[in-house]
Amino acid sequence: MTSTPPFRDPAAPGNLIIPRQEWDRAPWNRWTFQYVRDMMPTTQVWRGAGPASPLPVNLQPVDAIPFEVDGQYLTIGSFLEMAYTDGLLVLHRGSIVAERYLNGMASHSQHLSQSVAKSIVGTLAGILIGRGLVDPAALLTYYLPELEATAYRGATVQHVLDMTSGVLFDETYTALDSHMAQLDVASGWKDRWNPEWPSHVWDLILSLKVLECPHGASFRYRSIETDVLAFVLQRATATPLAELVSRELWAPMGAEEDAYFTVDSAGYALGDGGFNATLRDYARFALLHLRGGEVNGRRIVPADWITGTRFGADPTLFGGVYHDTLPAGAYHNQFWIEDTARRAYMARGVFGQLIYIDPEADFAAVILSSWPEFVSTVRTRTALAGVRAIRDALSAK
């Protein structure tokens, strides 16, 4: 087993040492999720040279809004106090109506998004699909012929967009021998303690040889699918992922700050969960979706791709649960579809990351967190109940 020196928290020199293999776990994540680039290699997502797109502010009192979940009565204020929240921002009718920073987070702090990154990559795919640079119906092997020797043989780009390939990938976060544990090592997030494991993400993809069900038969949450998608986008454009996100999404939408990705030993930006940005820039991403893919009259994401994301999912493939057993409607184009009626949709990540988008109410909420658990049905249900309570209270005005 190889080892690198443990990380030291510069806020408490000589006092607190963060174990290398546990940096993203509680209690360390209360600090590390805002300082990822202090601990591992990263690559810049440039905001561009243009002005930041405006975010009008029209603050409304939300802390006293009540809501109930599973027989427990809370307010938004009490929820924020008990939910390991680092940041909350609410958009309604194009304006910021609530903005909170907790746990030392500030407006300039860049917070790890975990699997919210998947929806960033999915939106990038929508842009490139709209431009005709990527065909979602094409076989993955058209772009990545090396996958002919893997279980991805015969799968399409749309299959990985929807996580409906039949490739076996064990997503268990706490198992030491799961594919997810291998991904932690391959991505550079953890030390390579097993010398037989892949040393970077591309090698991990090439090692996936087992098919557990036919491609397209059902949804199975597999983080590696986003990385396969990211390699397709890179190969189709001959451009690294971070540069693509900057050029096609982050700069055009008018981000205020640079973002960044963690990178593996081969320089690959981790598309499935390594993206970091500020609370307000995550909100700009949400507003881009609320506006059907436009910012200040400029078309960035094809409107039909966003409509297709909301309405094009096949719930029969989904099985009715999130990966943390919370009831849901569907999954499509790297977004969670909250239900099949209202078609609010979400970007979600472990440890409590959430971007909730409801075009019908012209409403979005961003929550950045550092939960003690990877996933929690109770915490997720509570966060969504609180978000819906804010939405309904604002909509009633």
# chains A, B, ... in the order shown; residues from 1 in each chain; ligands from 1
>>> residues_around(residues="Thr32 in chain A", least_positions_apart="4", cutoff="10 Å", atoms="only C-alpha atoms", output="number ranges by chain")
A: 7, 9, 18, 23-28, 36-39, 111-112, 370
>>> residues_around(residues="Arg310 in chain A", least_positions_apart="6", cutoff="12 Å", atoms="only C-alpha atoms", output="short mmCIF file (atom, residue, chain, number, x, y, z; two decimals) with C-alpha atoms, in the first residue's frame")
data_model
loop_
_atom_site.label_atom_id
_atom_site.label_comp_id
_atom_site.auth_asym_id
_atom_site.auth_seq_id
_atom_site.Cartn_x
_atom_site.Cartn_y
_atom_site.Cartn_z
CA HIS A 289 -32.01 25.93 -17.41
CA LEU A 290 -34.95 27.97 -16.15
CA GLY A 292 -34.69 27.26 -21.56
CA ALA A 303 -34.21 24.45 -26.10
CA ASP A 304 -35.33 21.09 -27.48
CA GLY A 329 -39.92 9.73 -11.36
CA ALA A 330 -37.10 9.09 -13.80
CA TYR A 331 -33.55 9.85 -14.90
CA HIS A 332 -32.60 11.32 -18.26
CA ASN A 333 -29.61 13.11 -19.82
CA GLN A 334 -27.72 13.06 -16.49
CA PHE A 335 -30.56 14.73 -14.56
CA TRP A 336 -33.02 13.36 -12.02
CA ILE A 337 -36.66 13.97 -12.99
CA GLU A 338 -38.52 14.60 -9.74
CA ASP A 339 -41.84 13.29 -11.02
CA THR A 340 -43.48 12.52 -14.33
CA ALA A 341 -46.25 15.11 -13.92
CA ARG A 342 -44.76 18.46 -12.91
CA ARG A 343 -41.36 17.67 -14.53
CA ALA A 344 -39.27 19.59 -12.06
CA TYR A 345 -35.77 18.21 -12.38
CA MET A 346 -32.61 18.06 -10.33
CA ILE A 357 -35.14 23.38 -11.08
CA ASP A 358 -38.87 23.96 -11.54
CA PRO A 359 -39.59 25.87 -14.77
CA GLU A 360 -43.36 25.92 -14.13
#
>>> atom_distance(atom1="CA of Ala393 in chain A", atom2="CA of Gly312 in chain A")
29.2 Å
>>> atom_distance(atom1="CA of Leu80 in chain A", atom2="CA of Ala385 in chain A")
12.7 Å
>>> closest_residue(among="A:Gln44, A:Gln21, A:Ser119, A:Gln234", to="Tyr143 in chain A", atoms="only C-alpha atoms")
A:Gln234
>>> closest_atom_pairs(of="range 25-77 of chain A", to="range 265-272 of chain A", cutoff="9 Å", atoms="only C-alpha atoms", output="tab-separated table")
residue	atom	partner	partner_atom	distance
A:Pro41	CA	A:Ser265	CA	8.6
A:Thr42	CA	A:Ala269	CA	7.7
A:Thr43	CA	A:Ala269	CA	7.1
>>> write_last_selection(atoms="N, CA and C atoms", output="PDB file, in the first residue's frame")
ATOM      1  N   PRO A  41      -4.388  17.519  -7.320  1.00  0.00           N
ATOM      2  CA  PRO A  41      -4.268  18.231  -8.601  1.00  0.00           C
ATOM      3  C   PRO A  41      -5.633  18.623  -9.158  1.00  0.00           C
ATOM      4  N   THR A  42      -5.706  19.804  -9.732  1.00  0.00           N
ATOM      5  CA  THR A  42      -6.940  20.290 -10.336  1.00  0.00           C
ATOM      6  C   THR A  42      -6.620  20.992 -11.654  1.00  0.00           C
ATOM      7  N   THR A  43      -7.662  21.251 -12.425  1.00  0.00           N
ATOM      8  CA  THR A  43      -7.513  22.006 -13.664  1.00  0.00           C
ATOM      9  C   THR A  43      -8.587  23.082 -13.726  1.00  0.00           C
TER      10      THR A  43
END
>>> closest_residue(among="A:Ala383, A:Val157, A:Ala217, A:Leu124", to="Glu243 in chain A", atoms="only C-alpha atoms")
A:Leu124
>>> atom_distance(atom1="CA of Ser218 in chain A", atom2="CA of Ala125 in chain A")
21.3 Å
>>> select_by_dssp(residues="range 106-320 of chain A", states="strand (DSSP E)", output="PyMOL selection string")
chain A and resi 111-112+259-262+275-277+294-295+298-299
>>> write_last_selection(atoms="all heavy atoms", output="JSON list (two decimals), in the first residue's frame")
[["chain", "number", "residue", "atom", "x", "y", "z"],
["A", 111, "HIS", "N", -17.10, 25.24, -3.93],
["A", 111, "HIS", "CA", -17.55, 24.07, -3.19],
["A", 111, "HIS", "C", -17.63, 22.87, -4.11],
["A", 111, "HIS", "O", -18.10, 22.96, -5.25],
["A", 111, "HIS", "CB", -18.93, 24.36, -2.58],
["A", 111, "HIS", "CG", -19.37, 23.42, -1.51],
["A", 111, "HIS", "ND1", -19.75, 22.13, -1.76],
["A", 111, "HIS", "CD2", -19.51, 23.61, -0.16],
["A", 111, "HIS", "CE1", -20.11, 21.56, -0.61],
["A", 111, "HIS", "NE2", -19.97, 22.44, 0.37],
["A", 112, "LEU", "N", -17.18, 21.72, -3.61],
["A", 112, "LEU", "CA", -17.27, 20.47, -4.36],
["A", 112, "LEU", "C", -18.73, 20.13, -4.64],
["A", 112, "LEU", "O", -19.56, 20.17, -3.73],
["A", 112, "LEU", "CB", -16.60, 19.36, -3.57],
["A", 112, "LEU", "CG", -16.57, 17.97, -4.19],
["A", 112, "LEU", "CD1", -15.74, 17.96, -5.47],
["A", 112, "LEU", "CD2", -16.02, 16.95, -3.19],
["A", 259, "ALA", "N", -14.23, 28.03, -12.27],
["A", 259, "ALA", "CA", -14.50, 26.78, -11.57],
["A", 259, "ALA", "C", -13.27, 25.89, -11.74],
["A", 259, "ALA", "O", -12.29, 26.30, -12.37],
["A", 259, "ALA", "CB", -15.75, 26.11, -12.14],
["A", 260, "TYR", "N", -13.31, 24.69, -11.20],
["A", 260, "TYR", "CA", -12.21, 23.76, -11.45],
["A", 260, "TYR", "C", -12.67, 22.33, -11.25],
["A", 260, "TYR", "O", -13.66, 22.05, -10.58],
["A", 260, "TYR", "CB", -11.00, 24.08, -10.57],
["A", 260, "TYR", "CG", -11.17, 23.92, -9.07],
["A", 260, "TYR", "CD1", -10.86, 22.71, -8.44],
["A", 260, "TYR", "CD2", -11.59, 24.97, -8.27],
["A", 260, "TYR", "CE1", -10.99, 22.57, -7.06],
["A", 260, "TYR", "CE2", -11.71, 24.84, -6.89],
["A", 260, "TYR", "CZ", -11.41, 23.63, -6.29],
["A", 260, "TYR", "OH", -11.53, 23.50, -4.93],
["A", 261, "PHE", "N", -11.96, 21.42, -11.91],
["A", 261, "PHE", "CA", -12.14, 19.98, -11.76],
["A", 261, "PHE", "C", -10.91, 19.38, -11.06],
["A", 261, "PHE", "O", -9.79, 19.85, -11.27],
["A", 261, "PHE", "CB", -12.22, 19.28, -13.12],
["A", 261, "PHE", "CG", -13.54, 19.34, -13.83],
["A", 261, "PHE", "CD1", -13.73, 20.23, -14.87],
["A", 261, "PHE", "CD2", -14.57, 18.46, -13.51],
["A", 261, "PHE", "CE1", -14.93, 20.26, -15.58],
["A", 261, "PHE", "CE2", -15.77, 18.49, -14.22],
["A", 261, "PHE", "CZ", -15.95, 19.39, -15.24],
["A", 262, "THR", "N", -11.11, 18.30, -10.31],
["A", 262, "THR", "CA", -9.98, 17.47, -9.93],
["A", 262, "THR", "C", -9.55, 16.67, -11.16],
["A", 262, "THR", "O", -10.35, 16.40, -12.07],
["A", 262, "THR", "CB", -10.33, 16.51, -8.79],
["A", 262, "THR", "OG1", -11.32, 15.56, -9.24],
["A", 262, "THR", "CG2", -10.87, 17.27, -7.59],
["A", 275, "PHE", "N", -16.18, 18.47, -9.96],
["A", 275, "PHE", "CA", -16.38, 19.88, -10.32],
["A", 275, "PHE", "C", -16.59, 20.72, -9.08],
["A", 275, "PHE", "O", -17.32, 20.33, -8.15],
["A", 275, "PHE", "CB", -17.59, 20.00, -11.24],
["A", 275, "PHE", "CG", -17.78, 21.37, -11.85],
["A", 275, "PHE", "CD1", -17.01, 21.78, -12.91],
["A", 275, "PHE", "CD2", -18.75, 22.22, -11.36],
["A", 275, "PHE", "CE1", -17.19, 23.03, -13.48],
["A", 275, "PHE", "CE2", -18.95, 23.47, -11.92],
["A", 275, "PHE", "CZ", -18.15, 23.88, -12.99],
["A", 276, "ASN", "N", -15.97, 21.91, -9.05],
["A", 276, "ASN", "CA", -16.07, 22.84, -7.92],
["A", 276, "ASN", "C", -16.38, 24.24, -8.44],
["A", 276, "ASN", "O", -15.77, 24.69, -9.41],
["A", 276, "ASN", "CB", -14.73, 22.90, -7.16],
["A", 276, "ASN", "CG", -14.32, 21.57, -6.59],
["A", 276, "ASN", "OD1", -14.46, 21.32, -5.40],
["A", 276, "ASN", "ND2", -13.78, 20.69, -7.44],
["A", 277, "ALA", "N", -17.31, 24.93, -7.78],
["A", 277, "ALA", "CA", -17.69, 26.28, -8.20],
["A", 277, "ALA", "C", -18.34, 27.01, -7.04],
["A", 277, "ALA", "O", -18.59, 26.44, -5.97],
["A", 277, "ALA", "CB", -18.64, 26.22, -9.40],
["A", 294, "GLU", "N", -31.11, 29.87, -22.52],
["A", 294, "GLU", "CA", -30.66, 31.20, -22.95],
["A", 294, "GLU", "C", -30.19, 32.02, -21.75],
["A", 294, "GLU", "O", -30.68, 31.88, -20.64],
["A", 294, "GLU", "CB", -31.79, 31.96, -23.65],
["A", 294, "GLU", "CG", -32.15, 31.45, -25.02],
["A", 294, "GLU", "CD", -33.11, 32.38, -25.75],
["A", 294, "GLU", "OE1", -33.51, 33.41, -25.16],
["A", 294, "GLU", "OE2", -33.47, 32.08, -26.89],
["A", 295, "VAL", "N", -29.23, 32.92, -22.01],
["A", 295, "VAL", "CA", -28.80, 33.93, -21.05],
["A", 295, "VAL", "C", -28.74, 35.26, -21.78],
["A", 295, "VAL", "O", -28.05, 35.39, -22.80],
["A", 295, "VAL", "CB", -27.42, 33.59, -20.46],
["A", 295, "VAL", "CG1", -26.89, 34.77, -19.64],
["A", 295, "VAL", "CG2", -27.49, 32.35, -19.58],
["A", 298, "ARG", "N", -29.03, 35.19, -25.45],
["A", 298, "ARG", "CA", -28.06, 34.38, -26.18],
["A", 298, "ARG", "C", -28.35, 32.90, -25.97],
["A", 298, "ARG", "O", -28.41, 32.43, -24.83],
["A", 298, "ARG", "CB", -26.64, 34.71, -25.71],
["A", 298, "ARG", "CG", -25.57, 33.89, -26.42],
["A", 298, "ARG", "CD", -24.18, 34.19, -25.85],
["A", 298, "ARG", "NE", -23.16, 33.40, -26.50],
["A", 298, "ARG", "CZ", -21.88, 33.39, -26.17],
["A", 298, "ARG", "NH1", -21.46, 34.17, -25.16],
["A", 298, "ARG", "NH2", -21.01, 32.64, -26.80],
["A", 299, "ARG", "N", -28.52, 32.18, -27.06],
["A", 299, "ARG", "CA", -28.79, 30.76, -26.99],
["A", 299, "ARG", "C", -27.50, 30.00, -26.69],
["A", 299, "ARG", "O", -26.52, 30.10, -27.41],
["A", 299, "ARG", "CB", -29.38, 30.28, -28.32],
["A", 299, "ARG", "CG", -29.51, 28.76, -28.49],
["A", 299, "ARG", "CD", -30.46, 28.12, -27.51],
["A", 299, "ARG", "NE", -31.78, 28.72, -27.55],
["A", 299, "ARG", "CZ", -32.72, 28.50, -26.64],
["A", 299, "ARG", "NH1", -32.45, 27.70, -25.61],
["A", 299, "ARG", "NH2", -33.90, 29.09, -26.70]]
>>> closest_residue(among="A:Arg222, A:Arg192, A:Arg391, A:Arg235", to="Leu91 in chain A", atoms="only C-alpha atoms")
A:Arg391
>>> residues_around(residues="Val378 in chain A", least_positions_apart="2", cutoff="9 Å", atoms="only C-alpha atoms", output="PyMOL selection string")
chain A and resi 69-70+326+376+380-383
>>> write_last_selection(atoms="C-alpha atoms", output="PDB file, in the first residue's frame")
ATOM      1  CA  VAL A  69     -41.773  15.858   6.645  1.00  0.00           C
ATOM      2  CA  ASP A  70     -42.470  12.423   8.090  1.00  0.00           C
ATOM      3  CA  LEU A 326     -35.866   7.861  -2.357  1.00  0.00           C
ATOM      4  CA  SER A 376     -29.506   9.713   3.580  1.00  0.00           C
ATOM      5  CA  THR A 380     -32.892  14.115   1.174  1.00  0.00           C
ATOM      6  CA  ARG A 381     -36.612  14.002   1.865  1.00  0.00           C
ATOM      7  CA  THR A 382     -36.222  16.855   4.348  1.00  0.00           C
ATOM      8  CA  ALA A 383     -34.216  19.024   1.943  1.00  0.00           C
TER       9      ALA A 383
END
>>> residues_around(residues="range 145-154 of chain A", least_positions_apart="5", cutoff="10 Å", atoms="only C-alpha atoms", output="list in words")
Ala138, Leu139, Leu140, His159, Val160, Ser165, Gly166, Val167, Leu168, Ile205, Leu206, Ser207, Leu208, Lys209, Val210, Leu211, Glu212, Pro214, His215, Glu225 and Val228 of chain A
>>> closest_residue(among="A:Ser107, A:Gln60, A:Thr85, A:Thr75", to="Tyr282 in chain A", atoms="only C-alpha atoms")
A:Ser107
>>> residues_around(residues="Ser369 in chain A", least_positions_apart="6", cutoff="9 Å", atoms="only C-alpha atoms", output="list in words")
Arg30, Phe33, Ala83, Tyr84, Thr85, Asp86, Gly87, Leu88, His111, Phe351, Gly352, Gln353 and Leu354 of chain A
>>> closest_atom_pairs(of="range 236-266 of chain A", to="range 49-58 of chain A", cutoff="10 Å", atoms="only C-alpha atoms", output="JSON lines")
{"residue": "A:Ala251", "atom": "CA", "partner": "A:Gly50", "partner_atom": "CA", "distance": 7.5}
{"residue": "A:Pro252", "atom": "CA", "partner": "A:Gly50", "partner_atom": "CA", "distance": 8.5}
{"residue": "A:Met253", "atom": "CA", "partner": "A:Ser53", "partner_atom": "CA", "distance": 6.9}
{"residue": "A:Gly254", "atom": "CA", "partner": "A:Ala52", "partner_atom": "CA", "distance": 4.4}
{"residue": "A:Ala255", "atom": "CA", "partner": "A:Ala52", "partner_atom": "CA", "distance": 5.4}
{"residue": "A:Glu256", "atom": "CA", "partner": "A:Ala52", "partner_atom": "CA", "distance": 4.8}
{"residue": "A:Glu257", "atom": "CA", "partner": "A:Ala52", "partner_atom": "CA", "distance": 8.3}
>>> write_last_selection(atoms="N, CA and C atoms", output="compact mmCIF listing (two decimals), in the first residue's frame")
# COMPACT_ATOMS: atom_id res chain seq x y z
N ALA A 251 -18.09 30.10 -19.65
CA ALA A 251 -17.89 31.47 -20.14
C ALA A 251 -19.15 32.02 -20.82
N PRO A 252 -19.79 31.28 -21.72
CA PRO A 252 -20.99 31.83 -22.37
C PRO A 252 -22.13 32.17 -21.42
N MET A 253 -22.27 31.42 -20.33
CA MET A 253 -23.39 31.72 -19.42
C MET A 253 -23.06 32.88 -18.49
N GLY A 254 -21.81 33.38 -18.52
CA GLY A 254 -21.46 34.55 -17.72
C GLY A 254 -21.12 34.23 -16.29
N ALA A 255 -20.38 33.14 -16.06
CA ALA A 255 -19.95 32.82 -14.71
C ALA A 255 -19.12 33.97 -14.14
N GLU A 256 -19.25 34.17 -12.85
CA GLU A 256 -18.54 35.26 -12.18
C GLU A 256 -17.13 34.86 -11.77
N GLU A 257 -16.94 33.56 -11.47
CA GLU A 257 -15.66 33.04 -11.00
C GLU A 257 -15.26 31.84 -11.84
>>> select_by_dssp(residues="range 102-304 of chain A", states="helix (DSSP H, G or I)", output="ChimeraX atom specification")
/A:116-130,140-143,145-149,157-162,179-186,201-206,224-237,241-250,279-290,303-304
>>> closest_residue(among="A:His92, A:Val201, A:Thr309, A:Leu317", to="Ala396 in chain A", atoms="only C-alpha atoms")
A:His92
